[in-house]
Amino acid sequence: MSVYQACLIGRTKVADGTMAFQFEKPKHFDIKPGQYIDLTIPDPEHQVSSRITHACSIASSPLSQDLLVTTRMRSTLFKRTLAVLPIGSAAQIEGPMGSFHLHNNTARPAVLLAGGIGIAPFLSILSYAAYEKLNHPLFLFYANRKLKDAAFIDDLWQLERDNPRFRFVPTLTRPANPGLSWKGKTGHISSEMLFAQVGHARDPIYYVAGPPDMVAATSETPGNAGVDEDDIRSEEFAGY
């Protein structure tokens, strides 16, 4: 596994309690959309030479000049440290890793099911697909509790406008009052919701990403709709 040096060049709030961190992309760092890295940063609470590591999905396209990762800002040592890491600080990147990337057969649609921070690998995939004008029919179902929790939602609406082969279906599971301007769905991702959008698609492959409980529950949805388990791929964000 290759190890690279990089530095933090920016941070942005992308949803309530969710931050994106922009790193300098190392030279010759070749990735496939949907892969992840191990990110290592200094540990200021212990020895000077101590470092802490966390697995992070890459949210940026492989064609981007920078490397973007995103995470829910919970009270762990890694996330507390990352939240206040000075711009310009050195970091270590190991990877890329993972096989959670788009299949090669463009005749088979890709149905992406994301919960919360599980949107990260899909944003990479969709950005790349739009730029490269890939022929895959693409569907993204993106579940969040409330609109304020939905990271990158404006970017995803824009990607739908940019790519005529992409259909975006966001849904809110606990909407207080989404308002008349809300163009998405409400409720959990269900077999009925999938069938309404994907029912006539031929031999789709399903991808599920998000917190473990969400992945476990959502992975059953295509199966309940008669999808073969060999056509369902998943990635859990443990400790997200």
# chains A, B, ... in the order shown; residues from 1 in each chain; ligands from 1
$ select_by_dssp --residues "segment 36-202 of chain A" --states "helix (DSSP H, G or I)" --output "JSON, numbers by chain"
{"A": [77, 78, 79, 80, 81, 82, 83, 84, 116, 117, 118, 119, 120, 121, 122, 123, 124, 125, 126, 127, 128, 129, 130, 131, 132, 147, 148, 149, 153, 154, 155, 156, 157, 158, 159, 160, 161, 162, 191, 192, 193, 194, 195, 196, 197, 198]}
$ residues_around --residues "Tyr128 of chain A" --least-positions-apart "2" --cutoff "8 Å" --atoms "only C-alpha atoms" --output "ChimeraX atom specification"
/A:33,61-63,124-126,130-132
$ write_last_selection --atoms "all heavy atoms" --output "PDB file, in the first residue's frame"
ATOM      1  N   PRO A  33     -13.193   6.391  -8.645  1.00  0.00           N
ATOM      2  CA  PRO A  33     -14.283   7.011  -7.875  1.00  0.00           C
ATOM      3  C   PRO A  33     -14.960   5.995  -6.979  1.00  0.00           C
ATOM      4  O   PRO A  33     -15.309   4.894  -7.407  1.00  0.00           O
ATOM      5  CB  PRO A  33     -15.235   7.530  -8.966  1.00  0.00           C
ATOM      6  CG  PRO A  33     -14.861   6.777 -10.200  1.00  0.00           C
ATOM      7  CD  PRO A  33     -13.422   6.453 -10.094  1.00  0.00           C
ATOM      8  N   SER A  61     -13.982  13.919  -7.164  1.00  0.00           N
ATOM      9  CA  SER A  61     -13.747  13.132  -8.370  1.00  0.00           C
ATOM     10  C   SER A  61     -12.260  12.843  -8.528  1.00  0.00           C
ATOM     11  O   SER A  61     -11.420  13.654  -8.121  1.00  0.00           O
ATOM     12  CB  SER A  61     -14.241  13.922  -9.594  1.00  0.00           C
ATOM     13  OG  SER A  61     -13.731  13.376 -10.791  1.00  0.00           O
ATOM     14  N   PRO A  62     -11.900  11.714  -9.118  1.00  0.00           N
ATOM     15  CA  PRO A  62     -10.485  11.457  -9.410  1.00  0.00           C
ATOM     16  C   PRO A  62      -9.863  12.524 -10.296  1.00  0.00           C
ATOM     17  O   PRO A  62      -8.632  12.666 -10.336  1.00  0.00           O
ATOM     18  CB  PRO A  62     -10.524  10.107 -10.137  1.00  0.00           C
ATOM     19  CG  PRO A  62     -11.769   9.451  -9.672  1.00  0.00           C
ATOM     20  CD  PRO A  62     -12.754  10.562  -9.477  1.00  0.00           C
ATOM     21  N   LEU A  63     -10.698  13.294 -11.007  1.00  0.00           N
ATOM     22  CA  LEU A  63     -10.199  14.329 -11.900  1.00  0.00           C
ATOM     23  C   LEU A  63      -9.943  15.649 -11.179  1.00  0.00           C
ATOM     24  O   LEU A  63      -9.359  16.563 -11.761  1.00  0.00           O
ATOM     25  CB  LEU A  63     -11.202  14.554 -13.038  1.00  0.00           C
ATOM     26  CG  LEU A  63     -11.548  13.306 -13.869  1.00  0.00           C
ATOM     27  CD1 LEU A  63     -12.665  13.605 -14.854  1.00  0.00           C
ATOM     28  CD2 LEU A  63     -10.318  12.800 -14.589  1.00  0.00           C
ATOM     29  N   SER A 124     -18.273  11.265  -5.435  1.00  0.00           N
ATOM     30  CA  SER A 124     -17.111  11.035  -6.280  1.00  0.00           C
ATOM     31  C   SER A 124     -17.512  10.338  -7.580  1.00  0.00           C
ATOM     32  O   SER A 124     -17.113  10.747  -8.679  1.00  0.00           O
ATOM     33  CB  SER A 124     -16.078  10.193  -5.521  1.00  0.00           C
ATOM     34  OG  SER A 124     -14.973   9.872  -6.338  1.00  0.00           O
ATOM     35  N   ILE A 125     -18.312   9.294  -7.460  1.00  0.00           N
ATOM     36  CA  ILE A 125     -18.755   8.533  -8.629  1.00  0.00           C
ATOM     37  C   ILE A 125     -19.570   9.400  -9.576  1.00  0.00           C
ATOM     38  O   ILE A 125     -19.353   9.413 -10.796  1.00  0.00           O
ATOM     39  CB  ILE A 125     -19.579   7.309  -8.173  1.00  0.00           C
ATOM     40  CG1 ILE A 125     -18.670   6.268  -7.514  1.00  0.00           C
ATOM     41  CG2 ILE A 125     -20.344   6.694  -9.338  1.00  0.00           C
ATOM     42  CD1 ILE A 125     -19.410   5.137  -6.814  1.00  0.00           C
ATOM     43  N   LEU A 126     -20.519  10.156  -9.031  1.00  0.00           N
ATOM     44  CA  LEU A 126     -21.419  10.951  -9.861  1.00  0.00           C
ATOM     45  C   LEU A 126     -20.713  12.128 -10.525  1.00  0.00           C
ATOM     46  O   LEU A 126     -21.008  12.475 -11.673  1.00  0.00           O
ATOM     47  CB  LEU A 126     -22.603  11.435  -9.021  1.00  0.00           C
ATOM     48  CG  LEU A 126     -23.554  10.324  -8.554  1.00  0.00           C
ATOM     49  CD1 LEU A 126     -24.466  10.834  -7.452  1.00  0.00           C
ATOM     50  CD2 LEU A 126     -24.362   9.783  -9.726  1.00  0.00           C
ATOM     51  N   ALA A 130     -20.456  12.454 -14.610  1.00  0.00           N
ATOM     52  CA  ALA A 130     -20.940  13.628 -15.335  1.00  0.00           C
ATOM     53  C   ALA A 130     -19.848  14.215 -16.222  1.00  0.00           C
ATOM     54  O   ALA A 130     -20.092  14.555 -17.389  1.00  0.00           O
ATOM     55  CB  ALA A 130     -21.448  14.674 -14.350  1.00  0.00           C
ATOM     56  N   TYR A 131     -18.641  14.330 -15.678  1.00  0.00           N
ATOM     57  CA  TYR A 131     -17.551  14.942 -16.447  1.00  0.00           C
ATOM     58  C   TYR A 131     -17.149  14.063 -17.625  1.00  0.00           C
ATOM     59  O   TYR A 131     -16.897  14.555 -18.731  1.00  0.00           O
ATOM     60  CB  TYR A 131     -16.343  15.182 -15.537  1.00  0.00           C
ATOM     61  CG  TYR A 131     -15.240  15.961 -16.220  1.00  0.00           C
ATOM     62  CD1 TYR A 131     -15.235  17.351 -16.199  1.00  0.00           C
ATOM     63  CD2 TYR A 131     -14.208  15.304 -16.892  1.00  0.00           C
ATOM     64  CE1 TYR A 131     -14.236  18.075 -16.835  1.00  0.00           C
ATOM     65  CE2 TYR A 131     -13.206  16.018 -17.528  1.00  0.00           C
ATOM     66  CZ  TYR A 131     -13.222  17.404 -17.493  1.00  0.00           C
ATOM     67  OH  TYR A 131     -12.228  18.112 -18.134  1.00  0.00           O
ATOM     68  N   GLU A 132     -17.088  12.756 -17.390  1.00  0.00           N
ATOM     69  CA  GLU A 132     -16.647  11.828 -18.435  1.00  0.00           C
ATOM     70  C   GLU A 132     -17.781  11.421 -19.375  1.00  0.00           C
ATOM     71  O   GLU A 132     -17.554  10.710 -20.352  1.00  0.00           O
ATOM     72  CB  GLU A 132     -16.061  10.570 -17.788  1.00  0.00           C
ATOM     73  CG  GLU A 132     -14.729  10.779 -17.113  1.00  0.00           C
ATOM     74  CD  GLU A 132     -13.618  11.065 -18.119  1.00  0.00           C
ATOM     75  OE1 GLU A 132     -13.274  10.169 -18.901  1.00  0.00           O
ATOM     76  OE2 GLU A 132     -13.108  12.211 -18.119  1.00  0.00           O
TER      77      GLU A 132
END
$ residues_around --residues "Thr76 of chain A" --least-positions-apart "3" --cutoff "12 Å" --atoms "only C-alpha atoms" --output "number ranges by chain"
A: 43, 45, 52-54, 71-73, 79-83, 239-240
$ write_last_selection --atoms "N, CA and C atoms" --output "compact mmCIF listing (two decimals), in the first residue's frame"
# COMPACT_ATOMS: atom_id res chain seq x y z
N ASP A 43 -1.34 13.82 16.75
CA ASP A 43 -2.15 13.68 17.95
C ASP A 43 -1.62 14.64 19.02
N GLU A 45 -2.83 15.53 21.88
CA GLU A 45 -3.17 15.23 23.26
C GLU A 45 -2.22 14.24 23.91
N ILE A 52 -2.70 9.82 14.82
CA ILE A 52 -3.97 9.11 14.84
C ILE A 52 -4.49 8.95 13.41
N THR A 53 -5.16 7.82 13.18
CA THR A 53 -5.56 7.45 11.82
C THR A 53 -7.04 7.12 11.77
N HIS A 54 -7.69 7.48 10.66
CA HIS A 54 -9.10 7.18 10.46
C HIS A 54 -9.32 6.91 8.98
N THR A 71 -16.85 14.18 6.93
CA THR A 71 -17.17 13.37 8.10
C THR A 71 -18.16 14.08 9.00
N ARG A 72 -18.94 13.29 9.73
CA ARG A 72 -19.77 13.84 10.80
C ARG A 72 -18.85 14.19 11.96
N MET A 73 -19.03 15.37 12.55
CA MET A 73 -18.11 15.85 13.58
C MET A 73 -18.55 15.40 14.97
N LYS A 79 -11.58 13.30 15.32
CA LYS A 79 -12.42 14.36 14.76
C LYS A 79 -12.25 15.68 15.50
N ARG A 80 -12.01 15.62 16.80
CA ARG A 80 -11.71 16.86 17.54
C ARG A 80 -10.43 17.49 17.02
N THR A 81 -9.45 16.64 16.74
CA THR A 81 -8.16 17.13 16.26
C THR A 81 -8.29 17.67 14.84
N LEU A 82 -8.98 16.95 13.98
CA LEU A 82 -9.15 17.39 12.60
C LEU A 82 -9.90 18.71 12.52
N ALA A 83 -10.86 18.91 13.42
CA ALA A 83 -11.68 20.12 13.40
C ALA A 83 -10.87 21.39 13.63
N GLY A 239 -18.06 3.97 12.90
CA GLY A 239 -17.37 5.07 13.57
C GLY A 239 -17.44 6.39 12.82
N TYR A 240 -18.47 6.52 11.97
CA TYR A 240 -18.58 7.73 11.16
C TYR A 240 -18.80 8.96 12.02
$ select_by_dssp --residues "segment 20-226 of chain A" --states "strand (DSSP E)" --output "PyMOL selection string"
chain A and resi 20-24+36-42+51-57+66-72+90-97+110-115+138-144+166-172+185-186+205-210
$ residues_around --residues "Ile117 of chain A" --least-positions-apart "6" --cutoff "12 Å" --atoms "only C-alpha atoms" --output "ChimeraX atom specification"
/A:14-20,56-59,69-73,123,142-145,149-153,208-212,214-215,235-240
$ residues_around --residues "Leu172 of chain A" --least-positions-apart "6" --cutoff "8 Å" --atoms "only C-alpha atoms" --output "PyMOL selection string"
chain A and resi 143-147+184-188
$ residues_around --residues "Ala196 of chain A" --least-positions-apart "5" --cutoff "12 Å" --atoms "only C-alpha atoms" --output "list in words"
Phe139, Phe141, Val169, Lys185, Ile189, Ser190, Ser191, Ala201 and Ala225 of chain A
$ residues_around --residues "Phe29 of chain A" --least-positions-apart "6" --cutoff "12 Å" --atoms "only C-alpha atoms" --output "list in words"
Met1, Ser2, Val3, Tyr4, Gln5, Ala6, Ile37, Pro62, Leu63, Ser64, Gln65, Asp66, Leu67, Ile93, Glu94, Gly95, Pro96 and Met97 of chain A
$ closest_residue --among "A:Gln92, A:Asn224, A:Thr173, A:Gln22" --to "Pro42 of chain A" --atoms "only C-alpha atoms"
A:Gln92
$ atom_distance --atom1 "atom CA of Phe23 of chain A" --atom2 "atom CA of Leu159 of chain A"
22.7 Å
$ atom_distance --atom1 "atom CA of Asp38 of chain A" --atom2 "atom CA of Ala129 of chain A"
24.4 Å
$ atom_distance --atom1 "atom CA of Ser127 of chain A" --atom2 "atom CA of Ser60 of chain A"
7.5 Å
$ decode --residues "segment 81-122 of chain A" --atoms "N, CA and C atoms" --output "compact mmCIF listing (two decimals), in the first residue's frame"
# COMPACT_ATOMS: atom_id res chain seq x y z
N THR A 81 -9.45 16.64 16.74
CA THR A 81 -8.16 17.13 16.26
C THR A 81 -8.29 17.67 14.84
N LEU A 82 -8.98 16.95 13.98
CA LEU A 82 -9.15 17.39 12.60
C LEU A 82 -9.90 18.71 12.52
N ALA A 83 -10.86 18.91 13.42
CA ALA A 83 -11.68 20.12 13.40
C ALA A 83 -10.87 21.39 13.63
N VAL A 84 -9.76 21.28 14.37
CA VAL A 84 -8.97 22.46 14.71
C VAL A 84 -7.56 22.40 14.10
N LEU A 85 -7.31 21.42 13.26
CA LEU A 85 -5.99 21.30 12.64
C LEU A 85 -5.71 22.55 11.80
N PRO A 86 -4.61 23.24 12.05
CA PRO A 86 -4.33 24.48 11.31
C PRO A 86 -4.19 24.22 9.81
N ILE A 87 -4.71 25.14 9.02
CA ILE A 87 -4.52 25.06 7.56
C ILE A 87 -3.02 25.05 7.27
N GLY A 88 -2.63 24.16 6.39
CA GLY A 88 -1.22 24.00 6.07
C GLY A 88 -0.55 22.88 6.84
N SER A 89 -1.26 22.28 7.79
CA SER A 89 -0.69 21.18 8.57
C SER A 89 -0.44 19.96 7.70
N ALA A 90 0.61 19.23 8.03
CA ALA A 90 0.97 18.03 7.28
C ALA A 90 0.08 16.87 7.70
N ALA A 91 -0.23 16.01 6.75
CA ALA A 91 -1.00 14.79 6.99
C ALA A 91 -0.40 13.67 6.15
N GLN A 92 -0.73 12.46 6.52
CA GLN A 92 -0.26 11.30 5.78
C GLN A 92 -1.46 10.56 5.21
N ILE A 93 -1.36 10.15 3.96
CA ILE A 93 -2.44 9.46 3.27
C ILE A 93 -1.94 8.09 2.84
N GLU A 94 -2.69 7.06 3.19
CA GLU A 94 -2.37 5.71 2.74
C GLU A 94 -3.51 5.20 1.87
N GLY A 95 -3.19 4.69 0.71
CA GLY A 95 -4.23 4.22 -0.20
C GLY A 95 -3.88 4.55 -1.64
N PRO A 96 -4.90 4.59 -2.49
CA PRO A 96 -6.32 4.39 -2.22
C PRO A 96 -6.65 2.91 -2.02
N MET A 97 -7.81 2.67 -1.41
CA MET A 97 -8.25 1.31 -1.11
C MET A 97 -9.72 1.14 -1.46
N GLY A 98 -10.13 -0.12 -1.58
CA GLY A 98 -11.54 -0.42 -1.76
C GLY A 98 -11.93 -0.71 -3.20
N SER A 99 -12.99 -1.51 -3.31
CA SER A 99 -13.52 -1.88 -4.63
C SER A 99 -14.95 -1.39 -4.82
N PHE A 100 -15.32 -0.37 -4.03
CA PHE A 100 -16.69 0.17 -4.08
C PHE A 100 -16.75 1.23 -5.18
N HIS A 101 -16.58 0.79 -6.41
CA HIS A 101 -16.64 1.73 -7.52
C HIS A 101 -17.55 1.19 -8.62
N LEU A 102 -17.87 2.05 -9.55
CA LEU A 102 -18.88 1.76 -10.56
C LEU A 102 -18.46 0.58 -11.45
N HIS A 103 -19.42 -0.29 -11.76
CA HIS A 103 -19.16 -1.41 -12.65
C HIS A 103 -18.89 -0.92 -14.07
N ASN A 104 -18.28 -1.78 -14.87
CA ASN A 104 -17.86 -1.39 -16.21
C ASN A 104 -18.96 -1.49 -17.26
N ASN A 105 -19.92 -2.37 -17.08
CA ASN A 105 -20.95 -2.61 -18.08
C ASN A 105 -21.96 -1.45 -18.10
N THR A 106 -21.85 -0.58 -19.09
CA THR A 106 -22.70 0.62 -19.13
C THR A 106 -24.16 0.30 -19.46
N ALA A 107 -24.43 -0.93 -19.90
CA ALA A 107 -25.82 -1.30 -20.20
C ALA A 107 -26.62 -1.56 -18.93
N ARG A 108 -25.91 -1.80 -17.81
CA ARG A 108 -26.60 -2.08 -16.55
C ARG A 108 -26.67 -0.81 -15.71
N PRO A 109 -27.85 -0.36 -15.33
CA PRO A 109 -27.97 0.84 -14.50
C PRO A 109 -27.32 0.64 -13.13
N ALA A 110 -26.93 1.74 -12.52
CA ALA A 110 -26.42 1.74 -11.15
C ALA A 110 -27.44 2.46 -10.28
N VAL A 111 -27.88 1.78 -9.22
CA VAL A 111 -28.82 2.37 -8.26
C VAL A 111 -28.06 2.56 -6.96
N LEU A 112 -27.87 3.81 -6.57
CA LEU A 112 -27.06 4.17 -5.41
C LEU A 112 -27.99 4.54 -4.26
N LEU A 113 -27.80 3.88 -3.12
CA LEU A 113 -28.63 4.12 -1.93
C LEU A 113 -27.73 4.65 -0.83
N ALA A 114 -27.91 5.92 -0.45
CA ALA A 114 -27.02 6.57 0.51
C ALA A 114 -27.79 7.02 1.73
N GLY A 115 -27.16 6.88 2.89
CA GLY A 115 -27.70 7.42 4.13
C GLY A 115 -26.68 8.34 4.76
N GLY A 116 -27.05 9.61 4.98
CA GLY A 116 -26.16 10.54 5.66
C GLY A 116 -24.80 10.68 5.00
N ILE A 117 -23.75 10.44 5.80
CA ILE A 117 -22.39 10.63 5.33
C ILE A 117 -21.99 9.59 4.28
N GLY A 118 -22.82 8.58 4.08
CA GLY A 118 -22.58 7.61 3.02
C GLY A 118 -22.63 8.20 1.63
N ILE A 119 -22.98 9.47 1.53
CA ILE A 119 -23.01 10.14 0.23
C ILE A 119 -21.61 10.34 -0.34
N ALA A 120 -20.56 10.30 0.49
CA ALA A 120 -19.21 10.65 0.05
C ALA A 120 -18.75 9.86 -1.18
N PRO A 121 -18.73 8.52 -1.17
CA PRO A 121 -18.25 7.82 -2.37
C PRO A 121 -19.13 8.04 -3.58
N PHE A 122 -20.43 8.26 -3.35
CA PHE A 122 -21.33 8.47 -4.47
C PHE A 122 -21.13 9.83 -5.12
